[in-house]
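Heads up, the thing below is written out as structure tokens.
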Amino acid sequence: MTLKTAFEPYFRIGSAISRRNLHIPADRKLLLEQFSSFTSENDMKPMFFLDEKENLADPDKYGLAPALTFDKAIPYLEFAKQNGIAMRGHTLAWHNQTPAWFYHVGYDETAPLADRETMLSRLENYIKGVLTFVQTQYPGIVYAWDVVNEAIENGGFRDTLWHKVIGYDFVEMAFTFARKYAAPGVALFYNDYNTAQAWKRDLIISNILKPLKDKGLIDGFGMQTHITMTEPDLQDYKTALEMYGSLGLQIHITELDIHNPNPSDASQKKLGERYRELFTILLDAKKSGKANVTSVTFWNLYDECTWLSMFRRETSYPLLFKSSGAAKEAYYAVLSTVLDPKDIEPWTFDAAEEDFIAEPYEEAPRRRP
Ligand code: GLA
């Protein structure tokens, strides 16, 4: 039994994937056999939906309704449609990976910032354009969107260009537009990291989740869950999970990895133990009704492509699989939270050598060139 079948009674199991994963047949196979959901790691962020060439060439035409391009997102959506796998949409509004020109008069970085009305119009039309395209061309594929990512920092709302141009009701306005254009059944999420920290947890609840819930604008909360071998204390994680859960929102674990720079057997065994503890908490919360966890997504498919090594340059072995498709001890530890020992089968990955070779592709830049 694979992850997706073992956890099917409780929640979807997903993975973030990159262009590279999408171009390697063995990676696609691993994803489809083990997972029931995926997130595009980068290609559905604003820097890839906003058509830089078009907008900059004719800022008067597009000043209130930005030109969008779906070239980067389509391969993921097509793959999902052809293979019957669901997607999490990530992310409509974020201060990162959004081009600087987007916030300025005439889409000109050297001009002043655009005014609130202009930016509200750009935000609304952006959200409308993305949701409408995805929902009409690929109905039923994306079951949830991160509407706003990471808006809380340093004891309050994060100081971003979004807040500067719109004001602190930016989050509420983004959700208002998302609700207006989202198809029925598409769930709207706020997503953030370090969500077990008490100050952050309390602010997320009081400043974001409660007000949005009262207005009927939000369906769920995404706990990213990029954690380490020691932080946070999983009891604090459990407390936070139950507090978020008690709001009556769905909970998604959206970006799960446990940073571990040590590949030794002993340390990887400890990684498995920490995963076991975490999944036990998630399952207990689900079964007891303390938190309605409906989806758990690992941030990347296997150790060799973790963002911790590739982007943060931290060298990490934080996941359940190797690039060969082999399962690590942590994989069996996760399965042991939900299956009887006798039902846990060794995972054998049947892929030919040529399946590991990528078709030509260009990896998604993480910053604007
Ligand atoms: C954050 C974002 C993700 C991704 C990771 C790093 O958690 O939400 O989209 O950029 O950082 O891969």
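For the structure tokens, the naming scheme is as follows: chains receive sequential letters (A, B, ...) according to their order of presentation, residues are indexed from 1 within each chain, and ligands are indexed from 1 in presentation order.
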Problem - Cut-off 9 Å, only C-alpha atoms and all ligand atoms, neighbours of ligand 1 as a list in words - result: Ala16, Ser40, Glu41, Asn42, Lys45, His90, Thr91, Trp94, Asn96, Gln97, Asn149, Glu150, Asn191, Asp192, Tyr193, Gln224, Thr225, His226, Thr254, Glu255, Trp299, Asn300, Thr306, Trp307, Leu308, Phe311, Arg312 and Arg366 of chain A
Exercise for the section: Considering only C-alpha atoms, return as an MDAnalysis selection string whatever protein or nucleic-acid residues lie within 8 Å of Leu241 in chain A, sequence-local ones (same chain, fewer than 4 positions apart) excluded. Expected result: chainID A and resid 196 237 245 285 291
Practice task
Determine which residues of range 155-241 of chain A DSSP labels as alpha helix (DSSP H) from the backbone of this structure, then write them out as a PyMOL selection string.
Solution key: chain A and resi 161-166+170-181+198-203+210-214+234-241
Exercise for the section: Name the residues in contact with Met44 in chain A at a cut-off of 9 Å, using only C-alpha atoms, excluding same-chain residues fewer than 4 positions from it; report them as a PyMOL selection string. Expected result: chain A and resi 39-40+48-49+70+72-73+89-92
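Here CA of Asp169 in chain A and CA of Leu120 in chain A stand 10.6 Å from one another.
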Practice task
Between A:Leu113, A:Ala198, A:Val171, A:Ala93, single out the one closest to Asp146 in chain A, counting only C-alpha atoms.
Solution key: A:Ala93
Long-range neighbours of Asp219 in chain A as a PDB file with N, CA and C atoms, in the first residue's frame, 10 Å cut-off, only C-alpha atoms, 4 positions minimum in chain:
ATOM      1  N   ALA A 144      -7.856  23.703  -3.991  1.00  0.00           N
ATOM      2  CA  ALA A 144      -7.626  24.746  -2.974  1.00  0.00           C
ATOM      3  C   ALA A 144      -6.576  25.724  -3.485  1.00  0.00           C
ATOM      4  N   TRP A 145      -6.722  26.978  -3.073  1.00  0.00           N
ATOM      5  CA  TRP A 145      -5.718  28.006  -3.407  1.00  0.00           C
ATOM      6  C   TRP A 145      -5.178  28.653  -2.139  1.00  0.00           C
ATOM      7  N   ARG A 179     -12.950  34.998  -3.244  1.00  0.00           N
ATOM      8  CA  ARG A 179     -14.275  34.415  -3.015  1.00  0.00           C
ATOM      9  C   ARG A 179     -15.216  34.751  -4.180  1.00  0.00           C
ATOM     10  N   GLY A 185     -16.792  24.935  -4.211  1.00  0.00           N
ATOM     11  CA  GLY A 185     -15.979  23.743  -3.940  1.00  0.00           C
ATOM     12  C   GLY A 185     -14.480  23.996  -3.988  1.00  0.00           C
ATOM     13  N   VAL A 186     -14.072  25.171  -4.491  1.00  0.00           N
ATOM     14  CA  VAL A 186     -12.641  25.492  -4.472  1.00  0.00           C
ATOM     15  C   VAL A 186     -12.352  26.224  -3.157  1.00  0.00           C
ATOM     16  N   ALA A 187     -11.517  25.623  -2.320  1.00  0.00           N
ATOM     17  CA  ALA A 187     -11.305  26.137  -0.960  1.00  0.00           C
ATOM     18  C   ALA A 187     -10.210  27.204  -0.932  1.00  0.00           C
ATOM     19  N   LEU A 188     -10.449  28.233  -0.122  1.00  0.00           N
ATOM     20  CA  LEU A 188      -9.522  29.378  -0.048  1.00  0.00           C
ATOM     21  C   LEU A 188      -8.733  29.332   1.256  1.00  0.00           C
ATOM     22  N   PHE A 189      -7.412  29.425   1.127  1.00  0.00           N
ATOM     23  CA  PHE A 189      -6.504  29.243   2.272  1.00  0.00           C
ATOM     24  C   PHE A 189      -5.608  30.446   2.512  1.00  0.00           C
ATOM     25  N   TYR A 190      -5.314  30.692   3.791  1.00  0.00           N
ATOM     26  CA  TYR A 190      -4.192  31.543   4.172  1.00  0.00           C
ATOM     27  C   TYR A 190      -3.059  30.602   4.572  1.00  0.00           C
ATOM     28  N   LEU A 209      -7.364  34.800  10.530  1.00  0.00           N
ATOM     29  CA  LEU A 209      -8.339  33.711  10.370  1.00  0.00           C
ATOM     30  C   LEU A 209      -9.722  34.063  10.904  1.00  0.00           C
ATOM     31  N   LEU A 212     -11.593  36.803   8.802  1.00  0.00           N
ATOM     32  CA  LEU A 212     -11.986  36.293   7.479  1.00  0.00           C
ATOM     33  C   LEU A 212     -13.083  35.251   7.609  1.00  0.00           C
ATOM     34  N   LYS A 213     -12.967  34.437   8.651  1.00  0.00           N
ATOM     35  CA  LYS A 213     -13.991  33.394   8.870  1.00  0.00           C
ATOM     36  C   LYS A 213     -15.346  34.048   9.150  1.00  0.00           C
ATOM     37  N   GLY A 248     -12.785  25.771  13.206  1.00  0.00           N
ATOM     38  CA  GLY A 248     -13.729  25.139  12.272  1.00  0.00           C
ATOM     39  C   GLY A 248     -13.312  25.278  10.815  1.00  0.00           C
ATOM     40  N   LEU A 249     -12.060  25.627  10.596  1.00  0.00           N
ATOM     41  CA  LEU A 249     -11.540  25.713   9.221  1.00  0.00           C
ATOM     42  C   LEU A 249     -10.872  24.381   8.866  1.00  0.00           C
ATOM     43  N   GLN A 250     -10.761  24.098   7.571  1.00  0.00           N
ATOM     44  CA  GLN A 250      -9.923  22.963   7.165  1.00  0.00           C
ATOM     45  C   GLN A 250      -8.466  23.313   7.461  1.00  0.00           C
ATOM     46  N   ILE A 251      -7.676  22.297   7.754  1.00  0.00           N
ATOM     47  CA  ILE A 251      -6.241  22.507   7.932  1.00  0.00           C
ATOM     48  C   ILE A 251      -5.491  21.715   6.853  1.00  0.00           C
TER      49      ILE A 251
END
Problem - Spatial neighbours of Ala174 in chain A, 8 Å, only C-alpha atoms, chain gap at least 2 places, as a list in words - result: Ala93, Leu123, Glu124, Ile127, Val147, Val148, Phe170, Val171, Glu172, Thr176, Phe177 and Ala178 of chain A
Output N, CA, C and O atoms for every residue in that selection, as an mmCIF file, in the first residue's frame.
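Full text of selection_20.cif as output:
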data_model
loop_
_atom_site.group_PDB
_atom_site.id
_atom_site.type_symbol
_atom_site.label_atom_id
_atom_site.label_comp_id
_atom_site.auth_asym_id
_atom_site.auth_seq_id
_atom_site.Cartn_x
_atom_site.Cartn_y
_atom_site.Cartn_z
ATOM 1 N N ALA A 93 -1.422 35.745 -3.905
ATOM 2 C CA ALA A 93 -0.772 37.015 -3.522
ATOM 3 C C ALA A 93 0.327 36.751 -2.498
ATOM 4 O O ALA A 93 0.100 36.119 -1.464
ATOM 5 N N LEU A 123 -5.116 43.778 -8.493
ATOM 6 C CA LEU A 123 -5.244 42.569 -7.676
ATOM 7 C C LEU A 123 -6.512 41.805 -8.056
ATOM 8 O O LEU A 123 -6.486 40.592 -8.268
ATOM 9 N N GLU A 124 -7.622 42.547 -8.170
ATOM 10 C CA GLU A 124 -8.881 41.870 -8.511
ATOM 11 C C GLU A 124 -8.787 41.199 -9.881
ATOM 12 O O GLU A 124 -9.168 40.034 -10.043
ATOM 13 N N ILE A 127 -6.495 38.068 -9.828
ATOM 14 C CA ILE A 127 -7.145 36.897 -9.218
ATOM 15 C C ILE A 127 -8.258 36.366 -10.122
ATOM 16 O O ILE A 127 -8.375 35.156 -10.358
ATOM 17 N N VAL A 147 -4.488 31.865 -1.020
ATOM 18 C CA VAL A 147 -4.862 33.189 -1.537
ATOM 19 C C VAL A 147 -3.784 34.201 -1.148
ATOM 20 O O VAL A 147 -3.331 34.997 -1.971
ATOM 21 N N VAL A 148 -3.379 34.171 0.115
ATOM 22 C CA VAL A 148 -2.298 35.046 0.581
ATOM 23 C C VAL A 148 -1.283 34.167 1.318
ATOM 24 O O VAL A 148 -1.656 33.289 2.100
ATOM 25 N N PHE A 170 -5.306 44.735 2.786
ATOM 26 C CA PHE A 170 -4.878 43.981 1.604
ATOM 27 C C PHE A 170 -5.293 42.502 1.687
ATOM 28 O O PHE A 170 -5.822 41.945 0.727
ATOM 29 N N VAL A 171 -5.085 41.879 2.856
ATOM 30 C CA VAL A 171 -5.399 40.460 2.991
ATOM 31 C C VAL A 171 -6.901 40.247 2.780
ATOM 32 O O VAL A 171 -7.336 39.389 2.012
ATOM 33 N N GLU A 172 -7.693 41.074 3.451
ATOM 34 C CA GLU A 172 -9.144 40.924 3.316
ATOM 35 C C GLU A 172 -9.605 41.160 1.872
ATOM 36 O O GLU A 172 -10.476 40.461 1.361
ATOM 37 N N THR A 176 -11.571 38.701 -0.545
ATOM 38 C CA THR A 176 -12.864 39.128 -1.100
ATOM 39 C C THR A 176 -12.908 38.829 -2.600
ATOM 40 O O THR A 176 -13.888 38.285 -3.126
ATOM 41 N N PHE A 177 -11.828 39.170 -3.291
ATOM 42 C CA PHE A 177 -11.786 38.914 -4.745
ATOM 43 C C PHE A 177 -11.741 37.411 -5.021
ATOM 44 O O PHE A 177 -12.390 36.924 -5.950
ATOM 45 N N ALA A 178 -10.960 36.686 -4.227
ATOM 46 C CA ALA A 178 -10.855 35.241 -4.474
ATOM 47 C C ALA A 178 -12.224 34.587 -4.296
ATOM 48 O O ALA A 178 -12.646 33.750 -5.101
#
